[in-house]
$ cat data.cif   # mmCIF, C-alpha atoms
data_my_file
loop_
_atom_site.label_atom_id
_atom_site.label_comp_id
_atom_site.auth_asym_id
_atom_site.auth_seq_id
_atom_site.Cartn_x
_atom_site.Cartn_y
_atom_site.Cartn_z
CA MET A 3 41.50 96.28 119.88
CA LYS A 4 42.89 99.77 120.37
CA MET A 5 41.83 102.22 123.03
CA LYS A 6 39.65 105.14 121.99
CA ILE A 7 40.02 108.78 122.86
CA TYR A 8 36.83 110.83 122.61
CA GLY A 9 37.70 114.48 122.16
CA ASP A 10 36.94 117.79 120.47
CA GLY A 11 39.84 118.70 118.19
CA ARG A 12 39.60 122.36 119.25
CA SER A 13 39.85 121.62 122.99
CA GLY A 14 43.13 122.18 124.79
CA ASN A 15 42.20 119.64 127.44
CA CYS A 16 41.83 117.04 124.70
CA ASP A 17 45.16 118.12 123.18
CA LYS A 18 46.88 117.31 126.49
CA VAL A 19 45.79 113.68 126.26
CA ARG A 20 46.62 113.43 122.57
CA LEU A 21 50.10 114.84 123.12
CA VAL A 22 50.85 112.31 125.87
CA ALA A 23 49.46 109.37 123.87
CA ASP A 24 51.42 110.40 120.76
CA TYR A 25 54.64 111.08 122.67
CA LEU A 26 54.46 107.65 124.30
CA ARG A 27 53.40 106.02 120.98
CA HIS A 28 50.24 104.53 122.45
CA PRO A 29 48.04 103.34 119.56
CA TYR A 30 44.49 104.74 119.75
CA ASP A 31 41.50 105.70 117.66
CA TRP A 32 40.35 109.32 117.97
CA VAL A 33 36.58 109.83 118.09
CA GLU A 34 35.65 113.42 117.35
CA VAL A 35 32.95 114.93 119.60
CA ASP A 36 31.62 118.40 118.81
CA ILE A 37 31.07 120.16 122.14
CA LEU A 38 29.36 123.16 120.59
CA LYS A 39 26.83 120.90 118.82
CA GLY A 40 25.90 119.11 122.06
CA GLY A 41 28.09 116.05 121.54
CA THR A 42 28.82 115.80 125.26
CA ARG A 43 25.12 116.03 126.18
CA THR A 44 23.73 112.97 124.37
CA ALA A 45 22.46 109.98 126.36
CA GLU A 46 25.14 107.81 124.77
CA PHE A 47 27.94 110.18 125.77
CA LEU A 48 26.61 110.67 129.31
CA ALA A 49 26.42 106.91 129.79
CA MET A 50 30.16 106.85 129.07
CA ASN A 51 30.96 109.96 131.15
CA PRO A 52 28.20 111.30 133.42
CA GLN A 53 30.40 114.37 134.03
CA GLY A 54 29.50 115.39 130.46
CA GLN A 55 32.98 116.47 129.35
CA VAL A 56 35.72 115.50 126.92
CA PRO A 57 38.29 114.03 126.83
CA VAL A 58 37.28 110.46 127.69
CA LEU A 59 39.53 107.44 127.35
CA VAL A 60 37.77 104.15 126.58
CA LEU A 61 39.86 101.04 127.13
CA PRO A 62 39.51 97.89 125.03
CA ASP A 63 37.56 96.21 127.86
CA GLY A 64 34.97 99.02 127.72
CA ARG A 65 35.95 100.84 130.90
CA SER A 66 36.04 104.60 130.55
CA LEU A 67 38.08 107.28 132.27
CA ALA A 68 37.44 111.02 132.18
CA GLN A 69 39.41 114.15 133.13
CA SER A 70 42.56 114.95 131.17
CA GLY A 71 44.73 114.86 134.30
CA ALA A 72 43.53 111.38 135.23
CA ILE A 73 43.96 110.10 131.67
CA MET A 74 47.47 111.57 131.40
CA ARG A 75 48.44 109.87 134.67
CA TYR A 76 46.98 106.57 133.49
CA LEU A 77 48.78 106.63 130.12
CA ALA A 78 52.11 107.85 131.47
CA ASN A 79 52.38 105.84 134.68
CA GLY A 80 55.92 104.51 135.09
CA THR A 81 57.25 106.21 131.94
CA PRO A 82 59.70 109.16 131.96
CA LEU A 83 56.62 111.44 131.81
CA LEU A 84 55.48 110.11 135.22
CA PRO A 85 58.44 108.34 136.77
CA ASN A 86 58.16 106.15 139.84
CA ASP A 87 60.28 108.38 142.09
CA GLN A 88 57.96 109.54 144.87
CA ARG A 89 59.50 112.99 145.21
CA THR A 90 59.08 113.75 141.52
CA ARG A 91 55.55 112.34 141.49
CA ALA A 92 54.52 114.55 144.40
CA LYS A 93 55.71 117.67 142.57
CA ILE A 94 53.97 116.53 139.36
CA ASP A 95 50.77 116.20 141.40
CA GLU A 96 51.30 119.64 142.91
CA TRP A 97 51.57 121.35 139.54
CA MET A 98 48.77 119.38 137.94
CA PHE A 99 46.33 120.22 140.74
CA TRP A 100 47.56 123.82 140.65
CA GLU A 101 46.78 123.94 136.94
CA ALA A 102 43.32 122.44 137.38
CA GLY A 103 42.32 124.97 140.03
CA ASN A 104 44.42 128.05 139.29
CA HIS A 105 45.29 128.20 135.60
CA GLU A 106 42.98 126.31 133.24
CA PHE A 107 39.68 128.01 134.09
CA PHE A 108 41.20 131.47 133.82
CA VAL A 109 43.65 131.23 130.90
CA ALA A 110 41.62 128.75 128.84
CA GLY A 111 38.47 130.71 129.64
CA CYS A 112 39.92 133.85 128.06
CA ILE A 113 41.17 131.85 125.05
CA ALA A 114 37.68 130.40 124.54
CA HIS A 115 36.16 133.87 124.89
CA MET A 116 38.28 135.29 122.08
CA THR A 117 38.49 132.23 119.79
CA PHE A 118 35.45 129.88 120.05
CA LEU A 119 33.13 132.71 121.01
CA GLY A 120 34.88 135.31 118.82
CA LYS A 121 34.48 138.11 121.38
CA ALA A 122 36.72 141.11 121.97
CA ARG A 123 39.73 141.24 124.27
CA GLU A 124 38.12 144.18 126.11
CA THR A 125 35.08 142.10 127.11
CA ARG A 126 37.01 139.34 128.87
CA ASP A 127 35.94 138.62 132.46
CA PRO A 128 38.26 140.85 134.57
CA MET A 129 38.47 138.19 137.29
CA ARG A 130 39.72 135.62 134.78
CA VAL A 131 42.21 138.13 133.34
CA GLU A 132 43.62 138.90 136.78
CA ARG A 133 43.83 135.27 137.88
CA GLY A 134 45.25 134.23 134.50
CA ASP A 135 47.98 136.87 134.73
CA ARG A 136 48.76 135.73 138.26
CA ALA A 137 49.11 132.13 137.05
CA LEU A 138 51.49 133.20 134.26
CA ASP A 139 53.54 135.19 136.77
CA ILE A 140 53.88 132.11 138.98
CA LEU A 141 55.12 130.13 135.98
CA GLU A 142 57.62 132.91 135.10
CA ASP A 143 58.93 132.68 138.66
CA GLN A 144 59.19 128.88 138.45
CA PHE A 145 61.03 128.85 135.11
CA GLY A 146 63.41 131.51 136.33
CA ARG A 147 64.61 128.86 138.78
CA ALA A 148 64.20 125.56 136.94
CA ASP A 149 63.92 124.20 133.41
CA TRP A 150 60.96 121.94 134.18
CA LEU A 151 58.11 121.82 136.68
CA ALA A 152 59.11 118.62 138.48
CA GLY A 153 62.52 116.98 138.52
CA ASP A 154 65.01 117.56 135.73
CA ALA A 155 63.01 116.47 132.69
CA MET A 156 59.70 117.05 130.95
CA THR A 157 56.74 115.32 132.64
CA ILE A 158 52.97 115.24 132.25
CA ALA A 159 52.85 118.33 134.48
CA ASP A 160 54.69 120.31 131.78
CA ILE A 161 52.38 118.98 129.05
CA ALA A 162 49.28 119.74 131.14
CA ILE A 163 50.36 123.35 131.60
CA LEU A 164 51.98 123.82 128.19
CA VAL A 165 48.84 123.49 126.11
CA HIS A 166 46.93 126.54 127.30
CA THR A 167 50.05 128.53 128.22
CA ARG A 168 51.41 128.52 124.66
CA GLN A 169 47.94 129.63 123.48
CA ALA A 170 47.67 132.34 126.15
CA PRO A 171 48.26 135.17 123.64
CA LEU A 172 45.12 133.98 121.80
CA GLY A 173 43.30 134.84 125.04
CA GLY A 174 44.83 138.31 125.20
CA PHE A 175 47.68 137.53 127.62
CA ASP A 176 51.14 138.95 126.97
CA LEU A 177 54.06 136.53 127.07
CA ALA A 178 56.60 139.17 125.93
CA PRO A 179 57.48 140.19 129.53
CA ARG A 180 57.71 136.52 130.53
CA PRO A 181 60.91 135.28 128.84
CA SER A 182 61.37 132.25 131.09
CA VAL A 183 57.90 131.01 130.20
CA ARG A 184 58.67 131.51 126.50
CA ALA A 185 61.93 129.59 126.80
CA TRP A 186 60.14 126.71 128.56
CA ILE A 187 57.43 126.64 125.87
CA ALA A 188 60.17 126.36 123.22
CA ARG A 189 61.85 123.53 125.18
CA CYS A 190 58.57 121.63 125.41
CA GLU A 191 57.73 122.20 121.74
CA ARG A 192 61.11 120.90 120.67
CA GLN A 193 60.77 117.83 122.83
CA VAL A 194 57.25 116.88 121.74
CA GLY A 195 57.93 117.88 118.14
CA MET A 196 55.37 120.68 117.87
CA ASP A 197 55.82 123.72 115.68
CA ALA A 198 55.93 127.03 117.49
CA LEU A 199 52.52 128.68 117.61
CA GLN A 200 52.31 131.77 115.40
CA VAL A 201 50.12 134.33 117.11
CA MET B 23 60.79 115.56 164.04
CA LYS B 24 57.19 115.71 162.93
CA MET B 25 55.93 117.04 159.64
CA LYS B 26 54.22 120.42 159.64
CA ILE B 27 50.98 121.42 157.98
CA TYR B 28 50.63 125.14 157.25
CA GLY B 29 46.96 126.03 156.94
CA ASP B 30 44.17 128.48 157.67
CA GLY B 31 41.71 126.87 160.06
CA ARG B 32 38.78 128.37 158.14
CA SER B 33 39.86 126.95 154.77
CA GLY B 34 38.11 123.90 153.38
CA ASN B 35 41.15 122.99 151.31
CA CYS B 36 43.20 122.88 154.50
CA ASP B 37 40.49 120.78 156.19
CA LYS B 38 40.89 118.15 153.47
CA VAL B 39 44.54 117.63 154.40
CA ARG B 40 43.85 117.69 158.12
CA LEU B 41 41.08 115.09 157.77
CA VAL B 42 43.36 112.73 155.84
CA ALA B 43 46.27 113.19 158.24
CA ASP B 44 44.01 112.63 161.26
CA TYR B 45 42.21 109.64 159.76
CA LEU B 46 45.54 107.97 158.99
CA ARG B 47 46.96 109.00 162.40
CA HIS B 48 49.94 110.79 160.89
CA PRO B 49 51.57 112.91 163.62
CA TYR B 50 52.01 116.55 162.59
CA ASP B 51 52.24 120.08 163.91
CA TRP B 52 49.65 122.53 162.61
CA VAL B 53 50.95 126.01 161.80
CA GLU B 54 48.14 128.52 161.52
CA VAL B 55 48.39 130.99 158.60
CA ASP B 56 45.84 133.81 158.34
CA ILE B 57 45.04 134.23 154.64
CA LEU B 58 42.97 137.37 155.17
CA LYS B 59 45.85 139.04 157.02
CA GLY B 60 48.34 138.31 154.20
CA GLY B 61 49.92 135.25 155.77
CA THR B 62 50.36 133.60 152.36
CA ARG B 63 52.00 136.73 150.87
CA THR B 64 55.04 137.08 153.13
CA ALA B 65 58.53 136.46 151.73
CA GLU B 66 58.97 133.59 154.18
CA PHE B 67 55.76 131.89 153.06
CA LEU B 68 56.47 132.42 149.35
CA ALA B 69 59.92 130.89 149.77
CA MET B 70 58.13 127.76 151.03
CA ASN B 71 55.35 127.87 148.42
CA PRO B 72 55.78 130.30 145.50
CA GLN B 73 52.17 129.55 144.50
CA GLY B 74 51.15 131.60 147.55
CA GLN B 75 48.45 129.27 148.87
CA VAL B 76 47.69 127.06 151.84
CA PRO B 77 47.78 124.21 152.65
CA VAL B 78 51.50 123.38 152.53
CA LEU B 79 53.05 120.22 153.91
CA VAL B 80 56.62 120.55 155.16
CA LEU B 81 58.46 117.29 155.70
CA PRO B 82 61.07 116.77 158.43
CA ASP B 83 63.85 117.08 155.81
CA GLY B 84 62.58 120.56 154.89
CA ARG B 85 60.99 119.73 151.54
CA SER B 86 57.61 121.32 151.00
CA LEU B 87 54.58 120.24 149.01
CA ALA B 88 51.58 122.41 148.12
CA GLN B 89 48.07 121.76 146.74
CA SER B 90 45.64 119.83 148.90
CA GLY B 91 45.19 117.14 146.23
CA ALA B 92 48.92 116.50 146.00
CA ILE B 93 49.30 116.43 149.79
CA MET B 94 46.37 114.04 150.21
CA ARG B 95 47.90 111.71 147.61
CA TYR B 96 51.28 111.87 149.33
CA LEU B 97 49.89 111.13 152.79
CA ALA B 98 47.49 108.40 151.71
CA ASN B 99 49.60 106.55 149.14
CA GLY B 100 49.19 102.79 149.60
CA THR B 101 46.62 103.10 152.41
CA PRO B 102 42.92 102.19 152.05
CA LEU B 103 42.32 105.88 151.20
CA LEU B 104 44.51 105.51 148.07
CA PRO B 105 44.92 101.80 147.43
CA ASN B 106 47.42 100.38 144.96
CA ASP B 107 44.81 98.93 142.59
CA GLN B 108 45.27 100.81 139.31
CA ARG B 109 41.59 100.83 138.37
CA THR B 110 40.58 102.39 141.67
CA ARG B 111 43.45 104.89 141.52
CA ALA B 112 42.41 106.03 138.05
CA LYS B 113 38.86 106.74 139.25
CA ILE B 114 40.19 108.54 142.32
CA ASP B 115 42.26 110.73 139.98
CA GLU B 116 39.23 111.35 137.80
CA TRP B 117 37.10 112.63 140.66
CA MET B 118 39.89 114.65 142.26
CA PHE B 119 40.69 116.47 139.02
CA TRP B 120 36.97 116.92 138.42
CA GLU B 121 36.67 118.53 141.85
CA ALA B 122 39.64 120.83 141.27
CA GLY B 123 38.27 122.13 137.98
CA ASN B 124 34.49 121.76 138.26
CA HIS B 125 33.43 121.94 141.90
CA GLU B 126 35.81 123.74 144.26
CA PHE B 127 35.96 127.13 142.57
CA PHE B 128 32.18 127.33 142.22
CA VAL B 129 30.85 125.77 145.43
CA ALA B 130 33.63 127.00 147.72
CA GLY B 131 33.49 130.40 146.01
CA CYS B 132 29.85 130.82 147.01
CA ILE B 133 30.58 129.60 150.54
CA ALA B 134 33.37 132.17 150.87
CA HIS B 135 31.09 134.87 149.48
CA MET B 136 28.46 134.29 152.15
CA THR B 137 30.70 133.37 155.10
CA PHE B 138 34.19 134.96 154.97
CA LEU B 139 32.91 137.98 153.04
CA GLY B 140 29.51 138.05 154.76
CA LYS B 141 27.63 138.96 151.61
CA ALA B 142 24.05 138.14 150.64
CA ARG B 143 22.90 134.99 148.83
CA GLU B 144 21.34 137.20 146.15
CA THR B 145 24.70 138.75 145.23
CA ARG B 146 26.50 135.47 144.48
CA ASP B 147 28.15 135.26 141.04
CA PRO B 148 25.44 133.66 138.83
CA MET B 149 28.06 131.70 136.89
CA ARG B 150 29.37 130.14 140.09
CA VAL B 151 25.83 129.34 141.24
CA GLU B 152 25.01 127.62 137.96
CA ARG B 153 28.25 125.66 137.80
CA GLY B 154 28.02 124.77 141.51
CA ASP B 155 24.47 123.45 141.06
CA ARG B 156 25.62 121.45 138.06
CA ALA B 157 28.44 119.91 140.12
CA LEU B 158 26.02 118.95 142.89
CA ASP B 159 23.67 117.38 140.31
CA ILE B 160 26.55 115.27 138.98
CA LEU B 161 27.26 114.06 142.51
CA GLU B 162 23.57 113.26 143.05
CA ASP B 163 23.68 111.16 139.89
CA GLN B 164 26.84 109.39 141.03
CA PHE B 165 25.55 108.56 144.51
CA GLY B 166 22.27 107.30 143.08
CA ARG B 167 24.41 104.56 141.51
CA ALA B 168 27.22 103.96 144.01
CA ASP B 169 28.02 104.48 147.68
CA TRP B 170 31.47 105.95 147.04
CA LEU B 171 33.26 107.78 144.25
CA ALA B 172 35.87 105.14 143.43
CA GLY B 173 35.74 101.45 144.27
CA ASP B 174 33.67 100.19 147.19
CA ALA B 175 35.11 102.19 150.09
CA MET B 176 35.86 105.75 151.14
CA THR B 177 38.98 107.21 149.48
CA ILE B 178 40.74 110.58 149.33
CA ALA B 179 38.41 111.45 146.44
CA ASP B 180 35.45 111.31 148.83
CA ILE B 181 37.27 113.42 151.42
CA ALA B 182 38.34 115.96 148.77
CA ILE B 183 34.75 116.43 147.63
CA LEU B 184 33.10 116.01 151.04
CA VAL B 185 34.53 119.12 152.63
CA HIS B 186 32.90 121.80 150.50
CA THR B 187 29.88 119.68 149.59
CA ARG B 188 28.72 119.34 153.21
CA GLN B 189 29.17 123.11 153.57
CA ALA B 190 27.32 123.86 150.32
CA PRO B 191 24.20 125.13 152.15
CA LEU B 192 26.42 127.80 153.73
CA GLY B 193 26.97 128.98 150.14
CA GLY B 194 23.26 129.08 149.39
CA PHE B 195 22.99 125.67 147.68
CA ASP B 196 20.06 123.40 148.48
CA LEU B 197 20.85 119.81 149.39
CA ALA B 198 17.20 118.97 150.23
CA PRO B 199 16.44 117.78 146.67
CA ARG B 200 19.69 115.78 146.61
CA PRO B 201 19.02 112.86 149.00
CA SER B 202 21.79 110.65 147.63
CA VAL B 203 24.37 113.38 148.27
CA ARG B 204 23.03 113.81 151.81
CA ALA B 205 23.25 110.07 152.45
CA TRP B 206 26.86 110.01 151.19
CA ILE B 207 27.77 112.98 153.39
CA ALA B 208 26.37 111.11 156.40
CA ARG B 209 28.36 107.98 155.45
CA CYS B 210 31.56 109.99 155.20
CA GLU B 211 30.92 111.86 158.45
CA ARG B 212 30.34 108.57 160.30
CA GLN B 213 33.51 107.07 158.89
CA VAL B 214 35.79 110.01 159.66
CA GLY B 215 34.07 110.69 163.00
CA MET B 216 32.76 114.19 162.21
CA ASP B 217 29.57 115.58 163.63
CA ALA B 218 26.90 116.46 161.11
CA LEU B 219 27.03 120.10 160.12
CA GLN B 220 24.11 122.11 161.46
CA VAL B 221 23.10 124.71 158.90
#

$ encode --input "data.cif" --output "structure tokens"
Amino acid sequence: MKMKIYGDGRSGNCDKVRLVADYLRHPYDWVEVDILKGGTRTAEFLAMNPQGQVPVLVLPDGRSLAQSGAIMRYLANGTPLLPNDQRTRAKIDEWMFWEAGNHEFFVAGCIAHMTFLGKARETRDPMRVERGDRALDILEDQFGRADWLAGDAMTIADIAILVHTRQAPLGGFDLAPRPSVRAWIARCERQVGMDALQV
Amino acid sequence: MKMKIYGDGRSGNCDKVRLVADYLRHPYDWVEVDILKGGTRTAEFLAMNPQGQVPVLVLPDGRSLAQSGAIMRYLANGTPLLPNDQRTRAKIDEWMFWEAGNHEFFVAGCIAHMTFLGKARETRDPMRVERGDRALDILEDQFGRADWLAGDAMTIADIAILVHTRQAPLGGFDLAPRPSVRAWIARCERQVGMDALQV
């Protein structure tokens, strides 16, 4: 029996898990959950994940695991995407927690505002714009000094941060003055076999 | 040479690291950094952590590690606070990423609003109030079913979520209707040897 990934096909956080599973050739069944139609609020879904969010990984023995960061770690443990070297793992953790608290809510929030909700760039939450720009500046600084976030190869930290960063222009952010971020996005896309996003 | 922890004594995220280091009896020197006076914006600090945030762990060999979640993982790896069992580790990851993206910004944001900034309860950001209340409800649900977040003992996930949850009343949140959360706070406080917070 294969594992199942419950996710909304439009959600960047679900994309993170799908990218890691595909890259590592883990076989799985995708179960589509429509967030906007209340798919994460049903009794059945909440029994599986009381946090009420996708993605959720369900293992063949029925155990479930939520939070894209936790699922990525679980799927990638010991592979080149999350190698056993303690120094590299610590830096992967650093960037993944940074993303969860300092990037996702701001950048993804603006993307959702302009795409899912179809609202204007001018009506974005100024706090999210400012914090999102600050996050992109920190990435520009990082990729001016290194090709990858942790160690000398792509890891789950890069995939976690890639997904919403490459979509940042859909949320009204400007990547033109951030050439190092753009070069890193292209590196990641080549390695995972994604087409460049046309914005 | 001992490791150093750079932190602001008023910061809950710094408390998380200090609690773990103390509980595990790791020797360290604390280096106080005043966030409000720009201590995380100096060239010296940014050279250590380009993300511009405390806490930062600096190891005797000079390497530095940021993000409280990453530091807690590093310090606790293989101890009872982060045991080697993969099932328990996955659930610890789940709750720590949940906290970073769904709890800290909202609950700690309201605490900062009313304490550091000294503003009124009525002027809290309504979005943060709603999301903070939702996070506390999810914890109440969890602790109605289990004593701890992951496995059958206190882990770094509990410490990560404890710090701002016990201070939630300082941010205008009501723990009175959340008896299971209050019981878990008391369990944690007993185990780490903290006095109950008088609000």

$ residues_around --input "data.cif" --residues "Arg75 of chain A" --least-positions-apart "6" --cutoff "12 Å" --atoms "all atoms listed in the file" --output "tab-separated table (two decimals) with C-alpha atoms, in the coordinates of the input"
chain	number	residue	atom	x	y	z
A	18	LYS	CA	46.88	117.31	126.49
A	19	VAL	CA	45.79	113.68	126.26
A	22	VAL	CA	50.85	112.31	125.87
A	23	ALA	CA	49.46	109.37	123.87
A	59	LEU	CA	39.53	107.44	127.35
A	67	LEU	CA	38.08	107.28	132.27
A	68	ALA	CA	37.44	111.02	132.18
A	69	GLN	CA	39.41	114.15	133.13
A	81	THR	CA	57.25	106.21	131.94
A	82	PRO	CA	59.70	109.16	131.96
A	83	LEU	CA	56.62	111.44	131.81
A	84	LEU	CA	55.48	110.11	135.22
A	85	PRO	CA	58.44	108.34	136.77
A	86	ASN	CA	58.16	106.15	139.84
A	91	ARG	CA	55.55	112.34	141.49
A	94	ILE	CA	53.97	116.53	139.36
A	95	ASP	CA	50.77	116.20	141.40
A	98	MET	CA	48.77	119.38	137.94
A	157	THR	CA	56.74	115.32	132.64
A	158	ILE	CA	52.97	115.24	132.25
A	159	ALA	CA	52.85	118.33	134.48
A	161	ILE	CA	52.38	118.98	129.05
A	162	ALA	CA	49.28	119.74	131.14
B	108	GLN	CA	45.27	100.81	139.31
B	109	ARG	CA	41.59	100.83	138.37
B	111	ARG	CA	43.45	104.89	141.52
B	112	ALA	CA	42.41	106.03	138.05
B	113	LYS	CA	38.86	106.74	139.25
B	114	ILE	CA	40.19	108.54	142.32
B	115	ASP	CA	42.26	110.73	139.98
B	116	GLU	CA	39.23	111.35	137.80
B	119	PHE	CA	40.69	116.47	139.02

$ closest_residue --input "data.cif" --among "A:Gly54, A:Gly174, A:Phe118, A:Arg12" --to "Ile160 of chain B" --atoms "all atoms listed in the file"
A:Gly54

$ resolve_selection --input "data.cif" --expression "the PyMOL selection byres ((chain B and resi 58) around 12)" --output "PyMOL selection string"
chain B and resi 30-33+55-57+59-63+75-76+134+138-139

$ atom_distance --input "data.cif" --atom1 "atom CA of Leu138 of chain A" --atom2 "atom CA of Ile93 of chain B"
23.0 Å

$ residues_around --input "data.cif" --residues "Glu124 of chain A" --least-positions-apart "5" --cutoff "12 Å" --atoms "only C-alpha atoms" --output "VMD selection string"
chain A and resid 112 115 to 116 131 173 to 175

$ resolve_selection --input "data.cif" --expression "the PyMOL selection byres ((chain A and resi 4) around 12)" --output "list in words"
Met3, Met5, Lys6, Ile7, His28, Pro29, Tyr30, Asp31, Trp32, Leu59, Val60, Leu61, Pro62, Asp63 and Gly64 of chain A

$ closest_residue --input "data.cif" --among "A:Trp186, A:Tyr76, A:Trp100, A:Phe107" --to "Glu142 of chain A" --atoms "all atoms listed in the file"
A:Trp186

$ atom_distance --input "data.cif" --atom1 "atom CA of Thr167 of chain A" --atom2 "atom CA of Ala155 of chain A"
18.3 Å

$ residues_around --input "data.cif" --residues "Phe165 of chain B" --least-positions-apart "5" --cutoff "7 Å" --atoms "all atoms listed in the file" --output "VMD selection string"
chain B and resid 170 202 to 203 206

$ residues_near_point --input "data.cif" --point "(49.0, 138.1, 125.0)" --cutoff "12 Å" --atoms "all atoms listed in the file" --output "ChimeraX atom specification"
/A:109,112-113,116,123,131,134-135,138,166-180,184,200-201

$ atom_distance --input "data.cif" --atom1 "atom CA of Ala157 of chain B" --atom2 "atom CA of Asn124 of chain B"
6.6 Å

$ closest_residue --input "data.cif" --among "B:Ala92, B:Val185, B:Leu161, B:Ala168" --to "chain A" --atoms "only C-alpha atoms"
B:Ala92

$ closest_residue --input "data.cif" --among "B:Gly34, B:Pro77, B:Gly123, B:Gly100" --to "chain A" --atoms "all atoms listed in the file"
B:Gly123

$ residues_near_point --input "data.cif" --point "(56.5, 125.8, 144.1)" --cutoff "8 Å" --atoms "only C-alpha atoms" --output "PDB file with C-alpha atoms, keeping the file's coordinate frame"
ATOM      1  CA  GLN A 144      59.190 128.880 138.450  1.00  0.00           C
TER       2      GLN A 144
ATOM      3  CA  MET B  70      58.130 127.760 151.030  1.00  0.00           C
ATOM      4  CA  ASN B  71      55.350 127.870 148.420  1.00  0.00           C
ATOM      5  CA  PRO B  72      55.780 130.300 145.500  1.00  0.00           C
ATOM      6  CA  GLN B  73      52.170 129.550 144.500  1.00  0.00           C
ATOM      7  CA  LEU B  87      54.580 120.240 149.010  1.00  0.00           C
ATOM      8  CA  ALA B  88      51.580 122.410 148.120  1.00  0.00           C
TER       9      ALA B  88
END

$ decode --input "data.cif" --residues "segment 174-187 of chain B" --atoms "N, CA and C atoms" --output "PDB file, in the first residue's frame"
ATOM      1  N   ASP B 174       5.298  10.316  24.994  1.00  0.00           N
ATOM      2  CA  ASP B 174       4.724  10.317  26.340  1.00  0.00           C
ATOM      3  C   ASP B 174       5.605  11.047  27.354  1.00  0.00           C
ATOM      4  N   ALA B 175       6.352  12.040  26.886  1.00  0.00           N
ATOM      5  CA  ALA B 175       7.202  12.814  27.794  1.00  0.00           C
ATOM      6  C   ALA B 175       7.410  14.211  27.217  1.00  0.00           C
ATOM      7  N   MET B 176       7.917  15.106  28.025  1.00  0.00           N
ATOM      8  CA  MET B 176       8.198  16.468  27.578  1.00  0.00           C
ATOM      9  C   MET B 176       9.330  16.438  26.549  1.00  0.00           C
ATOM     10  N   THR B 177       9.172  17.212  25.469  1.00  0.00           N
ATOM     11  CA  THR B 177      10.221  17.322  24.449  1.00  0.00           C
ATOM     12  C   THR B 177      10.446  18.815  24.128  1.00  0.00           C
ATOM     13  N   ILE B 178      11.363  19.067  23.206  1.00  0.00           N
ATOM     14  CA  ILE B 178      11.593  20.456  22.791  1.00  0.00           C
ATOM     15  C   ILE B 178      10.347  21.070  22.146  1.00  0.00           C
ATOM     16  N   ALA B 179       9.449  20.247  21.627  1.00  0.00           N
ATOM     17  CA  ALA B 179       8.204  20.817  21.083  1.00  0.00           C
ATOM     18  C   ALA B 179       7.398  21.473  22.200  1.00  0.00           C
ATOM     19  N   ASP B 180       7.312  20.797  23.354  1.00  0.00           N
ATOM     20  CA  ASP B 180       6.594  21.392  24.485  1.00  0.00           C
ATOM     21  C   ASP B 180       7.258  22.686  24.927  1.00  0.00           C
ATOM     22  N   ILE B 181       8.586  22.688  25.023  1.00  0.00           N
ATOM     23  CA  ILE B 181       9.277  23.904  25.477  1.00  0.00           C
ATOM     24  C   ILE B 181       9.094  25.030  24.464  1.00  0.00           C
ATOM     25  N   ALA B 182       9.154  24.688  23.163  1.00  0.00           N
ATOM     26  CA  ALA B 182       8.978  25.721  22.133  1.00  0.00           C
ATOM     27  C   ALA B 182       7.617  26.396  22.242  1.00  0.00           C
ATOM     28  N   ILE B 183       6.598  25.618  22.569  1.00  0.00           N
ATOM     29  CA  ILE B 183       5.232  26.161  22.592  1.00  0.00           C
ATOM     30  C   ILE B 183       4.877  26.704  23.972  1.00  0.00           C
ATOM     31  N   LEU B 184       5.526  26.158  25.000  1.00  0.00           N
ATOM     32  CA  LEU B 184       5.260  26.609  26.375  1.00  0.00           C
ATOM     33  C   LEU B 184       5.499  28.103  26.560  1.00  0.00           C
ATOM     34  N   VAL B 185       6.624  28.580  26.041  1.00  0.00           N
ATOM     35  CA  VAL B 185       7.111  29.898  26.442  1.00  0.00           C
ATOM     36  C   VAL B 185       6.085  31.000  26.175  1.00  0.00           C
ATOM     37  N   HIS B 186       5.592  31.092  24.956  1.00  0.00           N
ATOM     38  CA  HIS B 186       4.607  32.136  24.679  1.00  0.00           C
ATOM     39  C   HIS B 186       3.200  31.758  25.131  1.00  0.00           C
ATOM     40  N   THR B 187       2.924  30.456  25.251  1.00  0.00           N
ATOM     41  CA  THR B 187       1.578  30.062  25.678  1.00  0.00           C
ATOM     42  C   THR B 187       1.344  30.449  27.141  1.00  0.00           C
TER      43      THR B 187
END
